[in-house]
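> Below is the file upload_27.pdb, with PDB, C-alpha atoms.
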```pdb
ATOM      1  CA  MET D   1       0.000   0.000   0.000
ATOM      2  CA  LYS D   2       2.821   2.397   0.904
ATOM      3  CA  THR D   3       4.576   1.641  -2.389
ATOM      4  CA  THR D   4       1.389   2.341  -4.343
ATOM      5  CA  VAL D   5       0.936   5.698  -2.645
ATOM      6  CA  CYS D   6       4.566   6.638  -3.352
ATOM      7  CA  LEU D   7       4.214   5.678  -7.012
ATOM      8  CA  LEU D   8       0.995   7.650  -7.328
ATOM      9  CA  ALA D   9       2.601  10.715  -5.735
ATOM     10  CA  ALA D  10       5.666  10.463  -7.979
ATOM     11  CA  SER D  11       3.579  10.120 -11.125
ATOM     12  CA  THR D  12       1.537  13.172 -10.130
ATOM     13  CA  VAL D  13       4.672  15.265  -9.656
ATOM     14  CA  PHE D  14       6.141  14.170 -12.978
ATOM     15  CA  SER D  15       2.896  14.756 -14.853
ATOM     16  CA  VAL D  16       2.721  18.318 -13.502
ATOM     17  CA  LEU D  17       6.318  18.934 -14.567
ATOM     18  CA  ALA D  18       5.505  17.657 -18.047
ATOM     19  CA  PHE D  19       3.096  20.548 -18.534
ATOM     20  CA  ALA D  20       5.685  23.223 -17.697
ATOM     21  CA  GLU D  21       6.276  25.867 -20.335
ATOM     22  CA  ASN D  22       9.149  28.267 -20.956
ATOM     23  CA  TRP D  23       9.035  31.987 -21.666
ATOM     24  CA  SER D  24      11.953  34.219 -22.663
ATOM     25  CA  GLY D  25      11.736  37.971 -22.679
ATOM     26  CA  LYS D  26      12.396  41.231 -20.910
ATOM     27  CA  LEU D  27      12.075  41.135 -17.115
ATOM     28  CA  ILE D  28      10.069  44.148 -15.949
ATOM     29  CA  ASP D  29       8.644  45.723 -12.791
ATOM     30  CA  ALA D  30       4.996  44.577 -12.664
ATOM     31  CA  ASN D  31       3.856  47.445 -10.415
ATOM     32  CA  CYS D  32       5.448  50.020 -12.702
ATOM     33  CA  ASN D  33       3.875  48.338 -15.725
ATOM     34  CA  ASP D  34       0.423  48.566 -14.103
ATOM     35  CA  GLN D  35       0.951  52.323 -13.631
ATOM     36  CA  LYS D  36       2.399  52.656 -17.130
ATOM     37  CA  GLU D  37      -0.915  51.469 -18.549
ATOM     38  CA  GLN D  38      -2.302  54.784 -17.289
ATOM     39  CA  THR D  39       0.584  57.130 -18.129
ATOM     40  CA  LYS D  40       2.260  55.436 -21.153
ATOM     41  CA  THR D  41       5.513  57.261 -20.350
ATOM     42  CA  MET D  42       7.486  55.182 -17.850
ATOM     43  CA  SER D  43      10.313  52.757 -18.478
ATOM     44  CA  CYS D  44       9.647  49.690 -16.364
ATOM     45  CA  ASP D  45      12.941  47.797 -16.465
ATOM     46  CA  ALA D  46      13.424  45.515 -13.468
ATOM     47  CA  SER D  47      15.850  46.821 -10.872
ATOM     48  CA  ALA D  48      17.404  45.767  -7.595
ATOM     49  CA  THR D  49      14.464  47.369  -5.749
ATOM     50  CA  THR D  50      11.756  45.595  -7.758
ATOM     51  CA  THR D  51       9.500  43.374  -5.642
ATOM     52  CA  ALA D  52       6.851  42.328  -8.174
ATOM     53  CA  PHE D  53       8.088  41.033 -11.515
ATOM     54  CA  ALA D  54       6.582  40.320 -14.913
ATOM     55  CA  ILE D  55       8.042  39.146 -18.195
ATOM     56  CA  ASP D  56       7.370  40.865 -21.512
ATOM     57  CA  VAL D  57       7.320  38.261 -24.271
ATOM     58  CA  ALA D  58       6.906  39.989 -27.633
ATOM     59  CA  GLY D  59       4.505  42.551 -26.167
ATOM     60  CA  LYS D  60       2.492  40.082 -24.060
ATOM     61  CA  ILE D  61       2.931  40.622 -20.314
ATOM     62  CA  TYR D  62       2.912  37.690 -17.877
ATOM     63  CA  LYS D  63       3.122  38.394 -14.141
ATOM     64  CA  LEU D  64       5.106  36.073 -11.865
ATOM     65  CA  ASP D  65       3.584  34.510  -8.758
ATOM     66  CA  ALA D  66       4.975  35.200  -5.257
ATOM     67  CA  ALA D  67       7.531  32.377  -5.530
ATOM     68  CA  GLY D  68       8.573  33.699  -8.942
ATOM     69  CA  ASN D  69       9.077  37.189  -7.508
ATOM     70  CA  THR D  70      11.399  35.746  -4.872
ATOM     71  CA  LYS D  71      13.319  33.702  -7.459
ATOM     72  CA  ALA D  72      13.623  36.665  -9.839
ATOM     73  CA  ALA D  73      14.936  38.945  -7.080
ATOM     74  CA  ALA D  74      17.530  36.332  -6.109
ATOM     75  CA  ALA D  75      18.517  35.827  -9.749
ATOM     76  CA  LEU D  76      19.011  39.573 -10.192
ATOM     77  CA  ARG D  77      21.242  39.742  -7.118
ATOM     78  CA  ASN D  78      23.330  36.855  -8.447
ATOM     79  CA  ARG D  79      23.669  38.007 -12.063
ATOM     80  CA  ALA D  80      26.907  36.996 -13.759
ATOM     81  CA  ASP D  81      27.740  40.580 -14.770
ATOM     82  CA  ARG D  82      27.559  41.646 -11.105
ATOM     83  CA  SER D  83      29.704  38.804  -9.765
ATOM     84  CA  THR D  84      32.934  40.795 -10.153
ATOM     85  CA  ASP D  85      31.433  43.964  -8.607
ATOM     86  CA  PRO D  86      28.225  43.404  -6.598
ATOM     87  CA  ALA D  87      27.909  47.147  -5.951
ATOM     88  CA  LYS D  88      27.691  47.814  -9.689
ATOM     89  CA  PRO D  89      24.248  49.188 -10.546
ATOM     90  CA  MET D  90      22.172  47.394 -13.151
ATOM     91  CA  THR D  91      21.974  49.110 -16.502
ATOM     92  CA  GLY D  92      19.362  48.658 -19.171
ATOM     93  CA  ALA D  93      16.949  45.860 -19.816
ATOM     94  CA  VAL D  94      17.310  42.445 -18.230
ATOM     95  CA  THR D  95      16.307  39.355 -20.169
ATOM     96  CA  ALA D  96      15.140  36.220 -18.437
ATOM     97  CA  LYS D  97      13.943  32.703 -19.105
ATOM     98  CA  VAL D  98      11.024  31.648 -16.906
ATOM     99  CA  SER D  99       9.731  28.082 -16.567
ATOM    100  CA  GLY D 100       6.350  27.216 -15.093
ATOM    101  CA  THR D 101       2.667  27.045 -15.887
ATOM    102  CA  GLU D 102       0.485  29.975 -16.898
ATOM    103  CA  LYS D 103      -3.109  30.671 -15.908
ATOM    104  CA  ASP D 104      -4.936  33.947 -16.509
ATOM    105  CA  GLY D 105      -1.727  35.869 -17.245
ATOM    106  CA  VAL D 106       0.112  34.737 -14.092
ATOM    107  CA  ILE D 107       2.970  32.232 -14.256
ATOM    108  CA  THR D 108       3.279  29.725 -11.418
ATOM    109  CA  THR D 109       7.043  29.793 -11.494
ATOM    110  CA  GLU D 110       9.374  26.819 -11.277
ATOM    111  CA  SER D 111      12.576  28.633 -12.212
ATOM    112  CA  VAL D 112      13.909  32.014 -13.306
ATOM    113  CA  ASP D 113      17.191  32.318 -15.182
ATOM    114  CA  VAL D 114      18.403  35.903 -15.668
ATOM    115  CA  GLN D 115      20.783  36.460 -18.571
TER
END
```
How does the structure come out when it is put into structure tokens?

Amino acid sequence: MKTTVCLLAASTVFSVLAFAENWSGKLIDANCNDQKEQTKTMSCDASATTTAFAIDVAGKIYKLDAAGNTKAAAALRNRADRSTDPAKPMTGAVTAKVSGTEKDGVITTESVDVQ
């Protein structure tokens, strides 16, 4: 019985992972983007102070869930171009690859890889 339950649990986990999708695009500040919809003038590049992230994939905006926000913030702190000088400010747009599942414009995030 215990073996059957373990097999069932494992198959459920693997079936969920099979449905994961990948998105690549510009990592942006989701809160700024929400305000930009009203003003149309702001640049909403993600920064070290960003707490809510979204990814712009060819003009389509997908927000990240709470776990994705945490992963994106950590990925920004650990960027390869900042490894030699962590105090170096970020410049320009940041691209990212996000893996997860999407529902209603929000990605349930499995991983965030900042390039």
> What do you get, as a list in words, if you spell out every residue that the PyMOL selection byres ((chain D and resi 102) around 12) selects here?
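That selection, the PyMOL selection byres ((chain D and resi 102) around 12), comes back as Phe19, Ala20, Glu21, Asn22, Trp23, Ile55, Ile61, Tyr62, Lys63, Leu64, Asp65, Gly68, Val98, Ser99, Gly100, Thr101, Lys103, Asp104, Gly105, Val106, Ile107, Thr108, Thr109 and Glu110 of chain D.
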> Fewer than 5 positions away in the same chain doesn't count, so skip those; otherwise give me all residues within 9 Å of Asp45 of chain D, counting only C-alpha atoms, as number ranges by chain.
D: 26-29, 32, 92-94
> Please, what distance in Å, to one decimal, runs between atom CA of Asp56 of chain D and atom CA of Asn78 of chain D?
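Here the two named atoms are 21.0 Å from each other.
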> One decimal, in Å: what's the spacing between atom CA of Asn31 of chain D and atom CA of Ala54 of chain D?
8.9 Å
> If we count only C-alpha atoms and set the cut-off at 6 Å, which residues sit around Ala96 of chain D, ignoring sequence neighbours fewer than 4 positions away in its own chain? Please answer as a compact mmCIF listing (two decimals) with C-alpha atoms, keeping the file's coordinate frame.

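After the write, out37.txt holds the following:
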```txt
# COMPACT_ATOMS: atom_id res chain seq x y z
CA SER D 24 11.95 34.22 -22.66
CA GLY D 25 11.74 37.97 -22.68
CA LEU D 27 12.08 41.14 -17.11
CA ASP D 113 17.19 32.32 -15.18
CA VAL D 114 18.40 35.90 -15.67
CA GLN D 115 20.78 36.46 -18.57
```
> What is the distance, in Å and to one decimal place, between atom CA of Asn33 of chain D and atom CA of Phe53 of chain D?
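If I compute the distance from atom CA of Asn33 of chain D to atom CA of Phe53 of chain D, I get 9.4 Å.
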> Which one of D:Ser111, D:Lys97, D:Thr3, D:Asp34 sits closest to Thr70 of chain D if you count all atoms listed in the file?
D:Ser111
> Report as a PDB file with C-alpha atoms, keeping the file's coordinate frame the residues that result from applying the PyMOL selection byres ((chain D and resi 51) around 10) to the structure here.

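Below you can see selection24.pdb, which holds the result:
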```pdb
ATOM      1  CA  ASP D  29       8.644  45.723 -12.791  1.00  0.00           C
ATOM      2  CA  ALA D  30       4.996  44.577 -12.664  1.00  0.00           C
ATOM      3  CA  ASN D  31       3.856  47.445 -10.415  1.00  0.00           C
ATOM      4  CA  ALA D  46      13.424  45.515 -13.468  1.00  0.00           C
ATOM      5  CA  SER D  47      15.850  46.821 -10.872  1.00  0.00           C
ATOM      6  CA  ALA D  48      17.404  45.767  -7.595  1.00  0.00           C
ATOM      7  CA  THR D  49      14.464  47.369  -5.749  1.00  0.00           C
ATOM      8  CA  THR D  50      11.756  45.595  -7.758  1.00  0.00           C
ATOM      9  CA  ALA D  52       6.851  42.328  -8.174  1.00  0.00           C
ATOM     10  CA  PHE D  53       8.088  41.033 -11.515  1.00  0.00           C
ATOM     11  CA  ALA D  66       4.975  35.200  -5.257  1.00  0.00           C
ATOM     12  CA  ASN D  69       9.077  37.189  -7.508  1.00  0.00           C
ATOM     13  CA  THR D  70      11.399  35.746  -4.872  1.00  0.00           C
ATOM     14  CA  ALA D  72      13.623  36.665  -9.839  1.00  0.00           C
ATOM     15  CA  ALA D  73      14.936  38.945  -7.080  1.00  0.00           C
TER      16      ALA D  73
END
```
> Give the padded box for segment 62-71 of chain D as JSON: axis-aligned, covering all atoms listed in the file, 5 Å on each side, centre and edge lengths in Å to one decimal.

```
{"center_x": 8.1, "center_y": 35.4, "center_z": -11.4, "size_x": 20.4, "size_y": 16.0, "size_z": 23.0}
```
> Can you work out which one of D:Thr95, D:Val57, D:Cys44, D:Val112 has the shortest atom-to-atom distance to Ala75 of chain D, counting all atoms listed in the file?
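Counting all atoms listed in the file, the residue closest to Ala75 of chain D is D:Val112.
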